[in-house]
$ cat input.txt   # compact mmCIF, C-alpha atoms (C1' of nucleotides)
# COMPACT_ATOMS: atom_id res chain seq x y z
CA MET A 20 4.37 7.40 -41.02
CA PRO A 21 4.34 6.16 -37.45
CA ARG A 22 1.37 4.36 -36.10
CA PRO A 23 -0.91 6.82 -34.26
CA ARG A 24 -2.20 6.37 -30.72
CA GLY A 25 -5.40 4.52 -30.31
CA PHE A 26 -6.70 6.73 -27.51
CA ASP A 27 -7.04 10.32 -26.39
CA GLU A 28 -4.53 11.26 -23.73
CA THR A 29 -6.75 13.61 -21.74
CA GLU A 30 -9.69 11.29 -21.92
CA VAL A 31 -7.65 8.47 -20.46
CA LEU A 32 -6.27 10.78 -17.76
CA ARG A 33 -9.80 11.68 -16.80
CA ALA A 34 -10.78 8.04 -16.51
CA ALA A 35 -7.64 7.29 -14.51
CA MET A 36 -8.44 10.20 -12.22
CA MET A 37 -11.76 8.64 -11.31
CA VAL A 38 -10.08 5.40 -10.34
CA PHE A 39 -7.40 7.06 -8.23
CA TRP A 40 -10.02 9.25 -6.64
CA ARG A 41 -12.26 6.38 -5.71
CA ASP A 42 -9.71 3.74 -4.80
CA GLY A 43 -6.63 5.67 -3.75
CA TYR A 44 -3.10 5.58 -5.08
CA ASP A 45 -1.93 2.19 -3.91
CA ALA A 46 -5.15 0.34 -4.53
CA THR A 47 -5.14 1.58 -8.10
CA THR A 48 -3.14 -0.99 -10.03
CA TYR A 49 -2.08 -0.72 -13.62
CA ARG A 50 -4.19 -3.76 -14.32
CA ALA A 51 -7.24 -2.01 -12.88
CA LEU A 52 -6.49 1.04 -14.97
CA GLU A 53 -6.31 -1.15 -18.03
CA ALA A 54 -9.74 -2.54 -17.21
CA GLU A 55 -11.27 0.90 -16.65
CA THR A 56 -9.67 2.83 -19.47
CA GLY A 57 -9.40 0.13 -22.08
CA VAL A 58 -5.82 1.13 -22.67
CA GLY A 59 -3.20 -1.57 -22.26
CA VAL A 60 -0.64 -1.46 -19.49
CA ARG A 61 2.18 -1.18 -21.96
CA SER A 62 0.71 1.76 -23.82
CA MET A 63 -0.06 3.53 -20.62
CA HIS A 64 3.46 3.10 -19.42
CA ASN A 65 4.78 4.22 -22.77
CA THR A 66 2.68 7.36 -22.66
CA PHE A 67 2.73 8.47 -19.05
CA GLY A 68 5.80 6.80 -17.65
CA GLU A 69 6.00 5.43 -14.16
CA LYS A 70 3.09 5.36 -11.78
CA ASP A 71 3.95 8.46 -9.82
CA ARG A 72 4.41 10.38 -13.06
CA LEU A 73 0.96 9.37 -14.18
CA PHE A 74 -0.38 10.39 -10.81
CA VAL A 75 1.12 13.85 -11.05
CA ARG A 76 -0.66 14.30 -14.38
CA VAL A 77 -3.87 13.20 -12.74
CA LEU A 78 -3.43 15.66 -9.91
CA GLN A 79 -2.82 18.48 -12.35
CA LEU A 80 -6.01 17.63 -14.16
CA TYR A 81 -7.87 17.49 -10.86
CA ARG A 82 -6.59 20.86 -9.79
CA GLY A 83 -7.47 22.49 -13.06
CA GLN A 84 -10.96 21.14 -12.76
CA ALA A 85 -11.28 22.39 -9.19
CA GLU A 86 -10.04 25.78 -10.27
CA GLU A 87 -13.05 26.21 -12.48
CA VAL A 88 -15.36 25.38 -9.62
CA VAL A 89 -13.62 27.90 -7.39
CA ASN A 90 -13.67 30.59 -10.05
CA GLY A 91 -17.37 30.05 -10.44
CA ALA A 92 -18.20 30.07 -6.76
CA PHE A 93 -16.09 33.13 -5.97
CA ALA A 94 -16.71 35.13 -9.12
CA THR A 95 -18.11 37.86 -6.89
CA PRO A 96 -15.87 37.79 -3.83
CA GLY A 97 -17.34 38.47 -0.43
CA LEU A 98 -18.72 36.88 2.71
CA ALA A 99 -21.85 36.03 0.78
CA ALA A 100 -19.82 34.00 -1.68
CA ILE A 101 -18.16 32.07 1.14
CA ALA A 102 -21.41 31.47 2.95
CA GLY A 103 -23.02 30.46 -0.31
CA PHE A 104 -20.30 27.96 -0.99
CA PHE A 105 -20.79 26.27 2.36
CA ASP A 106 -24.54 26.44 1.95
CA ALA A 107 -24.10 24.48 -1.24
CA MET A 108 -22.11 21.87 0.67
CA ALA A 109 -24.85 21.80 3.28
CA THR A 110 -27.51 20.96 0.73
CA ALA A 111 -25.59 18.51 -1.45
CA GLN A 112 -27.66 15.47 -2.22
CA SER A 113 -26.42 11.97 -1.49
CA ASP A 114 -25.43 10.02 -4.55
CA ALA A 115 -23.46 6.88 -3.91
CA GLY A 116 -22.57 6.63 -7.57
CA ASP A 117 -20.90 10.02 -7.71
CA VAL A 118 -17.14 10.14 -7.28
CA SER A 119 -17.39 13.10 -4.95
CA ALA A 120 -18.66 10.65 -2.35
CA ALA A 121 -14.99 9.68 -2.11
CA GLY A 122 -14.15 13.11 -0.76
CA CYS A 123 -11.27 15.04 -2.27
CA LEU A 124 -8.43 13.45 -4.19
CA MET A 125 -5.90 15.88 -2.73
CA VAL A 126 -6.96 15.36 0.85
CA ASN A 127 -6.99 11.62 0.40
CA THR A 128 -3.56 11.70 -1.17
CA VAL A 129 -2.01 13.64 1.68
CA PHE A 130 -3.13 10.97 4.08
CA GLU A 131 -2.37 7.95 2.01
CA LEU A 132 1.12 8.92 0.97
CA GLY A 133 2.87 9.79 4.18
CA GLU A 134 5.95 11.27 2.66
CA MET A 135 5.07 12.66 -0.73
CA PRO A 136 7.48 12.99 -3.63
CA GLU A 137 8.42 16.56 -4.39
CA GLU A 138 6.16 17.00 -7.38
CA ILE A 139 3.11 15.59 -5.65
CA ALA A 140 3.66 17.74 -2.58
CA ALA A 141 3.87 20.75 -4.87
CA GLU A 142 0.52 19.93 -6.43
CA VAL A 143 -1.10 19.63 -3.04
CA ALA A 144 0.44 22.89 -1.93
CA ALA A 145 -0.83 24.65 -5.05
CA TYR A 146 -4.28 23.22 -4.48
CA ARG A 147 -4.41 24.45 -0.91
CA ALA A 148 -3.08 27.85 -1.92
CA MET A 149 -5.83 28.15 -4.49
CA TRP A 150 -8.53 27.64 -1.89
CA ARG A 151 -6.87 29.78 0.74
CA ASP A 152 -6.50 32.64 -1.71
CA ALA A 153 -10.09 32.37 -2.79
CA PHE A 154 -11.24 32.61 0.82
CA ALA A 155 -8.80 35.42 1.59
CA ARG A 156 -9.92 37.47 -1.38
CA SER A 157 -13.50 37.19 -0.26
CA LEU A 158 -12.65 38.20 3.28
CA GLU A 159 -10.73 41.17 2.01
CA ALA A 160 -13.56 42.22 -0.28
CA ASP A 161 -15.77 42.73 2.74
CA GLY A 162 -13.05 44.20 4.89
CA VAL A 163 -13.19 41.47 7.50
CA ASP A 164 -10.33 41.40 9.98
CA ARG A 165 -8.17 38.44 11.08
CA GLN A 166 -8.14 37.48 7.44
CA GLU A 167 -5.25 35.03 7.42
CA GLU A 168 -6.46 33.22 10.46
CA ARG A 169 -9.99 33.00 9.14
CA ALA A 170 -8.90 31.88 5.71
CA GLU A 171 -6.95 29.11 7.40
CA PHE A 172 -10.01 28.22 9.45
CA LEU A 173 -12.13 27.96 6.33
CA LEU A 174 -9.55 25.79 4.61
CA GLY A 175 -9.32 23.55 7.64
CA SER A 176 -13.09 23.35 7.91
CA LEU A 177 -13.33 22.37 4.29
CA TRP A 178 -10.83 19.60 4.85
CA GLY A 179 -12.73 18.48 7.90
CA MET A 180 -15.91 18.22 5.87
CA LEU A 181 -14.14 16.28 3.19
CA SER A 182 -12.98 13.90 5.91
CA GLN A 183 -16.54 13.35 7.03
CA ILE A 184 -17.58 12.72 3.44
CA ARG A 185 -14.78 10.27 2.86
CA LEU A 186 -15.56 8.37 6.03
CA ALA A 187 -19.28 8.14 5.35
CA ARG A 188 -18.85 7.82 1.59
CA ASP A 189 -21.65 10.33 1.35
CA VAL A 190 -21.51 14.02 0.51
CA ALA A 191 -24.45 14.62 2.84
CA ALA A 192 -22.18 13.85 5.78
CA ALA A 193 -20.74 17.34 5.54
CA ALA A 194 -24.08 19.08 6.02
CA PRO A 195 -24.12 19.68 9.78
CA MET A 196 -20.65 21.12 9.76
CA ALA A 197 -21.32 23.18 6.65
CA ARG A 198 -24.34 24.80 8.25
CA ILE A 199 -22.43 25.94 11.30
CA VAL A 200 -19.54 27.23 9.23
CA SER A 201 -21.92 29.13 7.02
CA ASP A 202 -23.53 30.73 10.07
CA THR A 203 -20.16 31.56 11.51
CA VAL A 204 -19.08 33.26 8.33
CA ARG A 205 -22.22 35.39 8.19
CA GLY A 206 -21.50 36.38 11.77
CA TRP A 207 -18.24 37.97 10.66
CA GLN A 208 -20.17 40.68 8.85
CA ALA A 209 -20.37 42.81 11.97
CA GLY A 210 -16.79 42.28 13.16
CA MET B 8 6.88 -26.23 32.10
CA PRO B 9 6.51 -24.28 28.89
CA ARG B 10 9.00 -21.67 27.88
CA PRO B 11 7.71 -18.23 28.89
CA ARG B 12 7.47 -15.23 26.56
CA GLY B 13 10.47 -13.01 26.34
CA PHE B 14 8.48 -9.76 26.12
CA ASP B 15 5.55 -7.90 27.60
CA GLU B 16 2.51 -7.94 25.35
CA THR B 17 1.24 -4.44 26.13
CA GLU B 18 4.67 -2.94 25.95
CA VAL B 19 5.16 -4.32 22.46
CA LEU B 20 1.71 -3.13 21.43
CA ARG B 21 2.59 0.35 22.55
CA ALA B 22 5.79 0.33 20.52
CA ALA B 23 3.93 -1.03 17.51
CA MET B 24 1.33 1.71 17.91
CA MET B 25 3.98 4.36 17.52
CA VAL B 26 5.19 2.85 14.29
CA PHE B 27 1.71 2.49 12.80
CA TRP B 28 0.91 6.00 13.92
CA ARG B 29 3.96 7.52 12.35
CA ASP B 30 4.26 5.45 9.18
CA GLY B 31 0.72 4.25 8.48
CA TYR B 32 -0.64 0.76 8.12
CA ASP B 33 0.86 -0.32 4.83
CA ALA B 34 4.24 1.26 5.32
CA THR B 35 4.57 -0.56 8.63
CA THR B 36 6.15 -3.88 7.76
CA TYR B 37 6.65 -6.78 10.09
CA ARG B 38 10.35 -6.37 9.54
CA ALA B 39 10.16 -2.73 10.66
CA LEU B 40 8.19 -3.79 13.70
CA GLU B 41 10.86 -6.34 14.51
CA ALA B 42 13.49 -3.62 14.33
CA GLU B 43 11.50 -1.24 16.56
CA THR B 44 10.18 -3.66 19.12
CA GLY B 45 13.02 -6.13 19.28
CA VAL B 46 10.51 -8.94 18.99
CA GLY B 47 10.99 -11.37 16.13
CA VAL B 48 8.51 -11.59 13.29
CA ARG B 49 7.65 -15.15 14.19
CA SER B 50 6.89 -14.41 17.82
CA MET B 51 4.82 -11.41 16.86
CA HIS B 52 2.80 -13.48 14.49
CA ASN B 53 2.44 -16.21 17.05
CA THR B 54 1.16 -13.75 19.63
CA PHE B 55 -1.02 -11.31 17.70
CA GLY B 56 -1.92 -13.24 14.58
CA GLU B 57 -2.24 -11.62 11.22
CA LYS B 58 -1.45 -8.00 10.53
CA ASP B 59 -4.98 -6.66 10.68
CA ARG B 60 -5.51 -8.48 13.97
CA LEU B 61 -2.47 -6.80 15.42
CA PHE B 62 -3.71 -3.50 14.09
CA VAL B 63 -7.07 -3.87 15.80
CA ARG B 64 -5.26 -4.41 19.08
CA VAL B 65 -3.25 -1.29 18.42
CA LEU B 66 -6.39 0.73 17.70
CA GLN B 67 -7.96 -0.47 20.90
CA LEU B 68 -4.93 0.64 22.84
CA TYR B 69 -4.99 3.99 21.08
CA ARG B 70 -8.64 4.53 21.85
CA GLY B 71 -8.21 3.66 25.50
CA GLN B 72 -5.39 6.13 25.75
CA ALA B 73 -7.45 8.83 24.06
CA GLU B 74 -10.30 8.13 26.41
CA GLU B 75 -8.18 9.19 29.33
CA VAL B 76 -7.34 12.45 27.63
CA VAL B 77 -11.01 13.12 26.93
CA ASN B 78 -12.04 12.27 30.44
CA GLY B 79 -9.47 14.68 31.73
CA ALA B 80 -10.37 17.53 29.41
CA PHE B 81 -14.12 17.20 29.96
CA ALA B 82 -14.16 16.31 33.61
CA THR B 83 -16.28 19.41 34.16
CA PRO B 84 -18.55 19.54 31.12
CA GLY B 85 -19.48 22.87 29.62
CA LEU B 86 -18.66 25.39 26.93
CA ALA B 87 -15.61 26.38 28.92
CA ALA B 88 -14.29 22.83 28.73
CA ILE B 89 -14.74 22.75 24.95
CA ALA B 90 -13.17 26.16 24.47
CA GLY B 91 -10.36 25.16 26.77
CA PHE B 92 -9.71 22.03 24.78
CA PHE B 93 -9.37 23.98 21.56
CA ASP B 94 -7.30 26.61 23.30
CA ALA B 95 -4.92 23.86 24.26
CA MET B 96 -4.71 22.83 20.62
CA ALA B 97 -4.10 26.45 19.69
CA THR B 98 -1.11 26.71 21.97
CA ALA B 99 0.48 23.33 21.36
CA GLN B 100 4.20 23.63 20.84
CA SER B 101 5.90 22.21 17.77
CA ASP B 102 7.96 19.13 18.44
CA ALA B 103 9.03 17.20 15.40
CA GLY B 104 10.05 14.27 17.55
CA ASP B 105 6.61 13.82 19.06
CA VAL B 106 4.33 11.24 17.47
CA SER B 107 1.38 13.60 17.66
CA ALA B 108 2.97 15.49 14.79
CA ALA B 109 1.65 12.60 12.72
CA GLY B 110 -1.91 13.65 13.52
CA CYS B 111 -4.39 11.08 14.72
CA LEU B 112 -4.04 7.37 14.12
CA MET B 113 -7.78 6.97 13.62
CA VAL B 114 -8.12 9.80 11.11
CA ASN B 115 -5.10 8.58 9.21
CA THR B 116 -6.46 5.06 9.13
CA VAL B 117 -9.80 6.11 7.69
CA PHE B 118 -8.02 7.71 4.79
CA GLU B 119 -5.41 5.09 4.21
CA LEU B 120 -7.66 2.08 4.26
CA GLY B 121 -10.44 2.93 1.88
CA GLU B 122 -12.70 0.06 2.72
CA MET B 123 -12.04 -0.93 6.28
CA PRO B 124 -12.54 -4.43 7.69
CA GLU B 125 -15.50 -4.68 10.02
CA GLU B 126 -13.52 -4.65 13.24
CA ILE B 127 -11.41 -1.67 12.25
CA ALA B 128 -14.44 0.32 11.16
CA ALA B 129 -16.01 -0.45 14.52
CA GLU B 130 -13.00 0.93 16.35
CA VAL B 131 -13.12 4.13 14.34
CA ALA B 132 -16.83 4.47 14.95
CA ALA B 133 -16.34 4.02 18.68
CA TYR B 134 -13.58 6.58 18.68
CA ARG B 135 -15.74 9.16 16.92
CA ALA B 136 -18.67 8.42 19.18
CA MET B 137 -16.47 9.04 22.18
CA TRP B 138 -15.54 12.52 21.00
CA ARG B 139 -19.02 13.40 19.83
CA ASP B 140 -20.51 12.37 23.15
CA ALA B 141 -17.96 14.38 25.03
CA PHE B 142 -18.83 17.48 23.03
CA ALA B 143 -22.56 16.83 23.28
CA ARG B 144 -22.42 16.41 27.04
CA SER B 145 -20.67 19.73 27.37
CA LEU B 146 -23.17 21.48 25.13
CA GLU B 147 -26.00 20.03 27.13
CA ALA B 148 -24.43 21.08 30.41
CA ASP B 149 -24.70 24.71 29.35
CA GLY B 150 -28.08 24.32 27.72
CA VAL B 151 -26.90 25.26 24.27
CA ASP B 152 -29.30 24.56 21.42
CA ARG B 153 -28.62 22.82 18.07
CA GLN B 154 -26.60 20.36 20.12
CA GLU B 155 -26.31 17.54 17.62
CA GLU B 156 -25.35 19.82 14.78
CA ARG B 157 -22.81 21.63 16.86
CA ALA B 158 -21.31 18.45 18.24
CA GLU B 159 -20.88 17.27 14.68
CA PHE B 160 -19.29 20.59 13.78
CA LEU B 161 -16.81 20.25 16.61
CA LEU B 162 -15.95 16.70 15.61
CA GLY B 163 -15.46 17.78 12.01
CA SER B 164 -13.35 20.72 13.06
CA LEU B 165 -11.18 18.48 15.15
CA TRP B 166 -10.64 16.20 12.18
CA GLY B 167 -9.87 19.18 10.03
CA MET B 168 -7.21 20.30 12.47
CA LEU B 169 -5.73 16.86 12.58
CA SER B 170 -5.56 16.99 8.81
CA GLN B 171 -3.60 20.21 8.95
CA ILE B 172 -1.26 18.69 11.50
CA ARG B 173 -0.72 15.60 9.44
CA LEU B 174 0.02 17.58 6.33
CA ALA B 175 2.45 19.92 8.02
CA ARG B 176 3.82 17.26 10.36
CA ASP B 177 3.54 19.89 13.03
CA VAL B 178 0.97 20.25 15.80
CA ALA B 179 1.27 24.02 15.55
CA ALA B 180 -0.45 23.87 12.16
CA ALA B 181 -3.79 23.53 13.93
CA ALA B 182 -3.46 26.79 15.82
CA PRO B 183 -5.25 29.25 13.51
CA MET B 184 -8.22 26.98 13.14
CA ALA B 185 -8.30 26.15 16.83
CA ARG B 186 -8.46 29.83 17.75
CA ILE B 187 -11.46 30.49 15.56
CA VAL B 188 -13.26 27.41 16.78
CA SER B 189 -12.61 28.38 20.35
CA ASP B 190 -14.03 31.84 19.72
CA THR B 191 -17.01 30.38 17.96
CA VAL B 192 -17.74 28.09 20.88
CA ARG B 193 -17.59 30.93 23.38
CA GLY B 194 -20.02 32.80 21.17
CA TRP B 195 -22.60 30.07 21.74
CA GLN B 196 -22.93 31.15 25.35
CA ALA B 197 -25.58 33.71 24.52
CA GLY B 198 -27.53 31.65 22.00
C1' DA C 24 2.59 -2.63 -52.23
C1' DT C 25 6.60 -1.47 -49.62
C1' DT C 26 8.86 0.55 -45.90
C1' DG C 27 9.77 2.87 -41.70
C1' DT C 28 8.17 4.06 -37.25
C1' DT C 29 5.35 3.71 -33.31
C1' DT C 30 2.08 1.27 -30.80
C1' DT C 31 0.42 -2.63 -28.60
C1' DG C 32 -0.25 -7.26 -26.41
C1' DC C 33 1.90 -10.94 -24.18
C1' DA C 34 4.74 -12.74 -21.25
C1' DA C 35 8.15 -12.52 -18.04
C1' DC C 36 11.13 -10.31 -14.44
C1' DA C 37 12.26 -8.13 -10.08
C1' DT C 38 10.96 -7.02 -5.80
C1' DA C 39 8.59 -6.36 -1.53
C1' DT C 40 6.25 -8.44 1.98
C1' DG C 41 2.76 -11.10 4.69
C1' DA C 42 2.73 -15.51 6.11
C1' DT C 43 4.52 -20.18 7.49
C1' DG C 44 7.34 -24.83 8.14
C1' DC C 45 10.71 -26.57 10.80
C1' DA C 46 14.06 -27.56 13.94
C1' DA C 47 16.87 -25.80 17.62
C1' DA C 48 16.70 -23.39 21.94
C1' DA C 49 14.84 -22.17 26.32
C1' DA C 50 12.55 -22.93 30.65
C1' DG C 51 10.42 -25.22 34.41
C1' DG C 52 8.89 -29.40 36.67
C1' DA C 53 9.64 -34.28 37.94
C1' DT D 21 19.39 -34.80 34.63
C1' DC D 22 15.67 -35.56 31.48
C1' DC D 23 11.20 -34.54 29.46
C1' DT D 24 7.48 -31.68 27.81
C1' DT D 25 5.84 -27.56 25.96
C1' DT D 26 6.28 -23.14 24.09
C1' DT D 27 9.03 -19.81 22.02
C1' DT D 28 12.16 -18.19 18.73
C1' DG D 29 15.22 -17.59 14.55
C1' DC D 30 16.03 -18.86 9.97
C1' DA D 31 14.89 -19.73 5.73
C1' DT D 32 11.38 -20.17 2.56
C1' DC D 33 7.00 -19.80 0.25
C1' DA D 34 3.20 -17.39 -2.03
C1' DT D 35 1.50 -13.55 -3.95
C1' DA D 36 0.75 -9.02 -5.72
C1' DT D 37 2.35 -5.62 -8.65
C1' DG D 38 5.31 -2.06 -10.94
C1' DT D 39 8.11 -2.50 -14.74
C1' DT D 40 10.26 -4.02 -19.02
C1' DG D 41 11.81 -7.02 -23.35
C1' DC D 42 10.34 -8.47 -27.50
C1' DA D 43 8.14 -9.31 -31.56
C1' DA D 44 3.94 -8.81 -34.17
C1' DA D 45 0.57 -5.48 -35.64
C1' DA D 46 -1.06 -1.15 -37.28
C1' DC D 47 -0.70 2.91 -39.75
C1' DA D 48 0.82 6.63 -42.99
C1' DA D 49 3.78 8.26 -46.52
C1' DT D 50 6.03 7.21 -50.68

$ encode --input "input.txt" --output "structure tokens"
Amino acid sequence: MPRPRGFDETEVLRAAMMVFWRDGYDATTYRALEAETGVGVRSMHNTFGEKDRLFVRVLQLYRGQAEEVVNGAFATPGLAAIAGFFDAMATAQSDAGDVSAAGCLMVNTVFELGEMPEEIAAEVAAYRAMWRDAFARSLEADGVDRQEERAEFLLGSLWGMLSQIRLARDVAAAAPMARIVSDTVRGWQAG
Amino acid sequence: MPRPRGFDETEVLRAAMMVFWRDGYDATTYRALEAETGVGVRSMHNTFGEKDRLFVRVLQLYRGQAEEVVNGAFATPGLAAIAGFFDAMATAQSDAGDVSAAGCLMVNTVFELGEMPEEIAAEVAAYRAMWRDAFARSLEADGVDRQEERAEFLLGSLWGMLSQIRLARDVAAAAPMARIVSDTVRGWQAG
DNA sequence: ATTGTTTTGCAACATATGATGCAAAAAGGA
DNA sequence: TCCTTTTTGCATCATATGTTGCAAAACAAT
């Protein structure tokens, strides 16, 4: 008998994610979210609670989405998969309209929120672990040595590229770095 | 006949820089600055103007300071200088009290302020250009090819390391990545 | 149609904070 | 000592924004 919701929860989360991704946590106001999602401030608050709660939900969604990308790219683990991933970053086409021109929501969040609440920090940690593990698995598959160090290097390089993208607001900004990293990875074949 | 200032301008800027560096732009309130510098809000405003004006002054100071570091590290340009620089990052000792555990003020600023005012963006651009040029000069000194690409790679790697540092609040977090980069640079000797 | 429950829109509140008005205080010269 | 000018401290303003109170509206079951 109660009145049903006038919107789909996940759909709204996805729309909210875009706004947070593009504008950052602080710059994303509830009023802006209302404008972008069509859902009133009050309903949003009723459904997702306080702003940081909503943001945690958004981060979870983001991570799940990224997980699919990672699973796809590293379906067949190995140096070739890693190199291929960075090759893809090297050839990404500029598209100012695409959200990915804003870089990575997780990276951006780390910088924007100096001290992160527990739950947000946990999401970031899980996100990083996901990438690090993907790299490590691929290194192990080809029996490369210095695995931990190199996995950390790849993670750091990825974050560096995402910095370049964020600064330039253009995915193509990562290309030079991606090419060198790709070459470097192929060079590990011998060692 | 006028009443003289009760503080040294540069000294206050330096203190303000530390606060901005550690806490970020938004989290640095005028009231916090008053507490840290001992200079009243009103005097600060009288002297430096609005907050973004003050921040530009701080960035200029930061860049000048960084310039000295760069000049020192690349006094003798070459692959050895680059490798040595990253080696130094690889062996940096943790020190939670040190401001450098906050990463790099410029990198942090890019992420925190999505759209940067003209003057701030210019400071960031100048800062990046300084590093890129330093790398490029060293690559040229040893006749390495793919100079532009590699200089960009080094700049991106540096930013990646500073991301790691910022996230971990620990300069030692850059070590694994710094070691690989250093090795990679030495490997350019042949090519 | 009536009723019970949730949702929703509107308005308002609480708070943080950059900015500023103003008058008293300081300092140096005449 | 007095006067002029700048600085400084205090209180206040203006604004943005997360959050909430409240009552009307919407919906489904009976």

$ interface_residues --input "input.txt" --of "chain A" --to "chain C" --cutoff "8 Å" --atoms "all atoms listed in the file" --output "PyMOL selection string"
chain A and resi 20-24+59+61-62

$ residues_near_point --input "input.txt" --point "(-8.2, 17.8, 14.6)" --cutoff "12 Å" --atoms "all atoms listed in the file" --output "compact mmCIF listing (two decimals) with C-alpha atoms, keeping the file's coordinate frame"
# COMPACT_ATOMS: atom_id res chain seq x y z
CA PHE A 172 -10.01 28.22 9.45
CA GLY A 175 -9.32 23.55 7.64
CA SER A 176 -13.09 23.35 7.91
CA TRP A 178 -10.83 19.60 4.85
CA GLY A 179 -12.73 18.48 7.90
CA MET A 180 -15.91 18.22 5.87
CA SER A 182 -12.98 13.90 5.91
CA PHE B 92 -9.71 22.03 24.78
CA PHE B 93 -9.37 23.98 21.56
CA ALA B 95 -4.92 23.86 24.26
CA MET B 96 -4.71 22.83 20.62
CA ALA B 97 -4.10 26.45 19.69
CA SER B 107 1.38 13.60 17.66
CA ALA B 108 2.97 15.49 14.79
CA ALA B 109 1.65 12.60 12.72
CA GLY B 110 -1.91 13.65 13.52
CA CYS B 111 -4.39 11.08 14.72
CA LEU B 112 -4.04 7.37 14.12
CA MET B 113 -7.78 6.97 13.62
CA VAL B 114 -8.12 9.80 11.11
CA ASN B 115 -5.10 8.58 9.21
CA ARG B 135 -15.74 9.16 16.92
CA TRP B 138 -15.54 12.52 21.00
CA PHE B 160 -19.29 20.59 13.78
CA LEU B 161 -16.81 20.25 16.61
CA LEU B 162 -15.95 16.70 15.61
CA GLY B 163 -15.46 17.78 12.01
CA SER B 164 -13.35 20.72 13.06
CA LEU B 165 -11.18 18.48 15.15
CA TRP B 166 -10.64 16.20 12.18
CA GLY B 167 -9.87 19.18 10.03
CA MET B 168 -7.21 20.30 12.47
CA LEU B 169 -5.73 16.86 12.58
CA SER B 170 -5.56 16.99 8.81
CA GLN B 171 -3.60 20.21 8.95
CA ILE B 172 -1.26 18.69 11.50
CA ARG B 173 -0.72 15.60 9.44
CA LEU B 174 0.02 17.58 6.33
CA VAL B 178 0.97 20.25 15.80
CA ALA B 179 1.27 24.02 15.55
CA ALA B 180 -0.45 23.87 12.16
CA ALA B 181 -3.79 23.53 13.93
CA ALA B 182 -3.46 26.79 15.82
CA PRO B 183 -5.25 29.25 13.51
CA MET B 184 -8.22 26.98 13.14
CA ALA B 185 -8.30 26.15 16.83
CA VAL B 188 -13.26 27.41 16.78

$ closest_residue --input "input.txt" --among "A:Leu80, A:Leu158, A:Val129, A:Ala46" --to "chain D" --atoms "all atoms listed in the file"
A:Ala46

$ atom_distance --input "input.txt" --atom1 "CA of Arg157 in chain B" --atom2 "CA of Val77 in chain B"
17.7 Å

$ atom_distance --input "input.txt" --atom1 "CA of Asp45 in chain A" --atom2 "CA of Met135 in chain A"
13.0 Å

$ interface_residues --input "input.txt" --of "chain D" --to "chain A" --cutoff "6 Å" --atoms "all atoms listed in the file" --output "PDB file with C-alpha atoms (C1' of nucleotides), keeping the file's coordinate frame"
ATOM      1  C1'  DC D  47      -0.700   2.910 -39.750  1.00  0.00           C
ATOM      2  C1'  DA D  48       0.820   6.630 -42.990  1.00  0.00           C
ATOM      3  C1'  DA D  49       3.780   8.260 -46.520  1.00  0.00           C
TER       4       DA D  49
END

$ atom_distance --input "input.txt" --atom1 "CA of Val48 in chain B" --atom2 "CA of Ile127 in chain B"
22.3 Å

$ axis_aligned_box --input "input.txt" --around "range 36-47 of chain C" --padding-each-side "8 Å" --output "JSON"
{"center_x": 9.8, "center_y": -17.0, "center_z": 1.6, "size_x": 30.1, "size_y": 37.2, "size_z": 48.1}

$ build_atoms --input "input.txt" --residues "range 194-203 of chain A" --atoms "N, CA and C atoms" --output "short mmCIF file (atom, residue, chain, number, x, y, z; two decimals), in the coordinates of the input"
data_model
loop_
_atom_site.label_atom_id
_atom_site.label_comp_id
_atom_site.auth_asym_id
_atom_site.auth_seq_id
_atom_site.Cartn_x
_atom_site.Cartn_y
_atom_site.Cartn_z
N ALA A 194 -23.03 18.08 5.82
CA ALA A 194 -24.08 19.08 6.02
C ALA A 194 -24.07 19.76 7.39
N PRO A 195 -24.06 19.00 8.48
CA PRO A 195 -24.12 19.68 9.78
C PRO A 195 -22.99 20.67 9.96
N MET A 196 -21.81 20.24 9.60
CA MET A 196 -20.65 21.12 9.76
C MET A 196 -20.76 22.33 8.83
N ALA A 197 -21.21 22.09 7.62
CA ALA A 197 -21.32 23.18 6.65
C ALA A 197 -22.29 24.25 7.14
N ARG A 198 -23.36 23.83 7.77
CA ARG A 198 -24.34 24.80 8.25
C ARG A 198 -23.73 25.72 9.31
N ILE A 199 -23.02 25.12 10.24
CA ILE A 199 -22.43 25.94 11.30
C ILE A 199 -21.37 26.89 10.72
N VAL A 200 -20.57 26.37 9.82
CA VAL A 200 -19.54 27.23 9.23
C VAL A 200 -20.18 28.38 8.49
N SER A 201 -21.22 28.08 7.75
CA SER A 201 -21.92 29.13 7.02
C SER A 201 -22.43 30.21 7.99
N ASP A 202 -23.04 29.78 9.06
CA ASP A 202 -23.53 30.73 10.07
C ASP A 202 -22.39 31.55 10.64
N THR A 203 -21.32 30.87 10.94
CA THR A 203 -20.16 31.56 11.51
C THR A 203 -19.65 32.64 10.57
#
